[in-house]
Amino acid sequence: MISYTSRTMPVYAVDPQPQKIVLLNSYDVAAKKYRDNKEQLFIQLIDTMMYWAATRIHDIAGIETEVISGYTPANGDSTIYRLITGHKATHAINVSNFDVSFEQTRVDVAKDNSGSKSREAYYDIVADISYSFYAHDSLIKQRDLHQSRFHSSRSVASGLLAAGPNIVVKKDDAYRIVMELWQQYLNYFFPGEKMRSRPVFINKGFEAVGQALSRQDYEAALTESLRFIDDPDKTKAAKACYNCAVFFDRKNQPEEAKKYLRQSLSFATLVEAKQMWRDFE
């Protein structure tokens, strides 16, 4: 397996290109009356991620950005249009809903030799954020993004009454999942980056590729893979082409990567190549 960061192209083309984007939050966290410092955490999360997103947009797209920190009352789209004009911007990104929590997914019950029962509850960390992207006079797109993944398990006396982890105590996990959702959202409209982990063939004829990778010499690994792209053994040629696709993807040359991936799939239907192709669709 090799891991690397590859560039992604935006899903939606914004035309005309934004000249300045203002980022704001119209979700009133205080109105929810959260307890246990959850209100403070959510306010910090939203502000921190808006500043992070503003910096990211500027760095990857060269677009000027401005963050309106805190809660901004927005009574309809007309309020957003006025804010865009007032801040001499061309576009706005508005956070209209925000939540991070823990959700119990199941409770496993086990019985020991004495007949005593024990219960293990499993929890996912879940994030839901709604965003709206505006031009100066129209709503471009509204999206509700959801992310969940396994977080932890704990022994409980009763599955129904078991309290999950405290989101304030686990604030680092909250920051991570919120950042993932922000990155996912930005990838819809701006060039982005995504971490990839892909298998590479290094056995049965590809030993030199493995030796090059052990030295972290990716150019040599590519050169060794290129030697077999026309091999009479179609499966071997497919593996070589797939390796080349991975190495070109790592070099942020997606068109070259897709060329070799197509060639690989024309020789044999490797599971690895099919999975990689889905990432390009």
# chains A, B, ... in the order shown; residues from 1 in each chain; ligands from 1

$ select_by_dssp --residues "segment 73-145 of chain A" --states "helix (DSSP H, G or I)" --output "ChimeraX atom specification"
/A:77-86

$ atom_distance --atom1 "atom CA of Gln19 of chain A" --atom2 "atom CA of His91 of chain A"
7.8 Å

$ atom_distance --atom1 "atom CA of Ala237 of chain A" --atom2 "atom CA of Leu265 of chain A"
10.0 Å

$ closest_residue --among "A:Glu180, A:Asp124, A:Asp144, A:Glu281" --to "Pro165 of chain A" --atoms "only C-alpha atoms"
A:Asp124

$ residues_around --residues "Val109 of chain A" --least-positions-apart "2" --cutoff "10 Å" --atoms "only C-alpha atoms" --output "ChimeraX atom specification"
/A:106-107,111,117-121,155-156,159

$ residues_around --residues "Glu193 of chain A" --least-positions-apart "2" --cutoff "10 Å" --atoms "only C-alpha atoms" --output "JSON, numbers by chain"
{"A": [4, 5, 6, 7, 8, 9, 60, 183, 184, 186, 187, 190, 191, 195, 196]}

$ decode --residues "segment 146-159 of chain A" --atoms "all heavy atoms" --output "short mmCIF file (atom, residue, chain, number, x, y, z; two decimals), in the first residue's frame"
data_model
loop_
_atom_site.label_atom_id
_atom_site.label_comp_id
_atom_site.auth_asym_id
_atom_site.auth_seq_id
_atom_site.Cartn_x
_atom_site.Cartn_y
_atom_site.Cartn_z
N HIS A 146 -23.75 14.94 5.45
CA HIS A 146 -23.82 14.03 6.59
C HIS A 146 -22.58 13.15 6.58
O HIS A 146 -22.15 12.66 5.53
CB HIS A 146 -25.08 13.15 6.50
CG HIS A 146 -25.13 12.06 7.53
ND1 HIS A 146 -25.62 12.28 8.80
CD2 HIS A 146 -24.78 10.75 7.46
CE1 HIS A 146 -25.57 11.14 9.47
NE2 HIS A 146 -25.05 10.21 8.69
N GLN A 147 -21.99 12.97 7.75
CA GLN A 147 -20.83 12.09 7.88
C GLN A 147 -20.95 11.32 9.18
O GLN A 147 -21.31 11.89 10.22
CB GLN A 147 -19.54 12.92 7.90
CG GLN A 147 -18.26 12.14 8.05
CD GLN A 147 -17.76 11.57 6.75
OE1 GLN A 147 -18.33 10.61 6.23
NE2 GLN A 147 -16.72 12.14 6.19
N SER A 148 -20.70 10.01 9.14
CA SER A 148 -20.71 9.21 10.36
C SER A 148 -19.69 8.10 10.23
O SER A 148 -19.43 7.59 9.14
CB SER A 148 -22.10 8.63 10.64
OG SER A 148 -22.46 7.69 9.65
N ARG A 149 -19.11 7.73 11.36
CA ARG A 149 -18.18 6.60 11.37
C ARG A 149 -18.07 6.07 12.79
O ARG A 149 -18.39 6.76 13.76
CB ARG A 149 -16.80 7.02 10.84
CG ARG A 149 -16.10 8.08 11.65
CD ARG A 149 -14.64 8.20 11.24
NE ARG A 149 -13.98 9.27 11.96
CZ ARG A 149 -13.86 10.51 11.51
NH1 ARG A 149 -14.36 10.84 10.33
NH2 ARG A 149 -13.26 11.44 12.22
N PHE A 150 -17.59 4.83 12.90
CA PHE A 150 -17.45 4.21 14.22
C PHE A 150 -16.49 5.02 15.08
O PHE A 150 -15.44 5.47 14.62
CB PHE A 150 -16.96 2.77 14.09
CG PHE A 150 -16.60 2.15 15.41
CD1 PHE A 150 -17.59 1.78 16.30
CD2 PHE A 150 -15.27 1.98 15.76
CE1 PHE A 150 -17.26 1.22 17.53
CE2 PHE A 150 -14.94 1.42 16.99
CZ PHE A 150 -15.94 1.04 17.87
N HIS A 151 -16.86 5.18 16.35
CA HIS A 151 -16.00 5.92 17.27
C HIS A 151 -15.47 5.04 18.39
O HIS A 151 -14.26 4.95 18.61
CB HIS A 151 -16.75 7.11 17.87
CG HIS A 151 -15.92 7.92 18.81
ND1 HIS A 151 -15.84 7.65 20.16
CD2 HIS A 151 -15.11 8.99 18.60
CE1 HIS A 151 -15.03 8.51 20.74
NE2 HIS A 151 -14.58 9.34 19.82
N SER A 152 -16.37 4.36 19.12
CA SER A 152 -15.92 3.62 20.29
C SER A 152 -17.02 2.70 20.80
O SER A 152 -18.15 2.75 20.33
CB SER A 152 -15.50 4.58 21.41
OG SER A 152 -16.58 5.44 21.75
N SER A 153 -16.66 1.89 21.79
CA SER A 153 -17.65 1.04 22.47
C SER A 153 -17.37 1.08 23.95
O SER A 153 -16.26 1.44 24.38
CB SER A 153 -17.60 -0.40 21.95
OG SER A 153 -16.37 -1.00 22.30
N ARG A 154 -18.37 0.73 24.75
CA ARG A 154 -18.19 0.71 26.20
C ARG A 154 -19.16 -0.27 26.83
O ARG A 154 -20.24 -0.54 26.28
CB ARG A 154 -18.40 2.10 26.79
CG ARG A 154 -19.78 2.70 26.49
CD ARG A 154 -19.99 4.04 27.19
NE ARG A 154 -19.02 5.04 26.75
CZ ARG A 154 -18.97 6.28 27.24
NH1 ARG A 154 -19.83 6.66 28.16
NH2 ARG A 154 -18.08 7.13 26.80
N SER A 155 -18.75 -0.82 27.97
CA SER A 155 -19.62 -1.72 28.72
C SER A 155 -20.73 -0.90 29.37
O SER A 155 -20.47 0.18 29.92
CB SER A 155 -18.84 -2.47 29.80
OG SER A 155 -17.85 -3.28 29.21
N VAL A 156 -21.95 -1.40 29.29
CA VAL A 156 -23.09 -0.67 29.83
C VAL A 156 -23.97 -1.64 30.62
O VAL A 156 -23.98 -2.84 30.38
CB VAL A 156 -23.92 -0.01 28.71
CG1 VAL A 156 -23.09 1.04 27.98
CG2 VAL A 156 -24.46 -1.05 27.73
N ALA A 157 -24.72 -1.05 31.56
CA ALA A 157 -25.65 -1.86 32.35
C ALA A 157 -26.93 -2.11 31.59
O ALA A 157 -27.54 -3.19 31.66
CB ALA A 157 -25.94 -1.16 33.68
N SER A 158 -27.36 -1.09 30.83
CA SER A 158 -28.60 -1.20 30.04
C SER A 158 -28.40 -0.51 28.71
O SER A 158 -27.95 0.64 28.67
CB SER A 158 -29.76 -0.56 30.79
OG SER A 158 -30.90 -0.45 29.94
N GLY A 159 -28.71 -1.19 27.64
CA GLY A 159 -28.52 -0.61 26.33
C GLY A 159 -29.37 0.61 26.09
O GLY A 159 -28.95 1.60 25.50
#
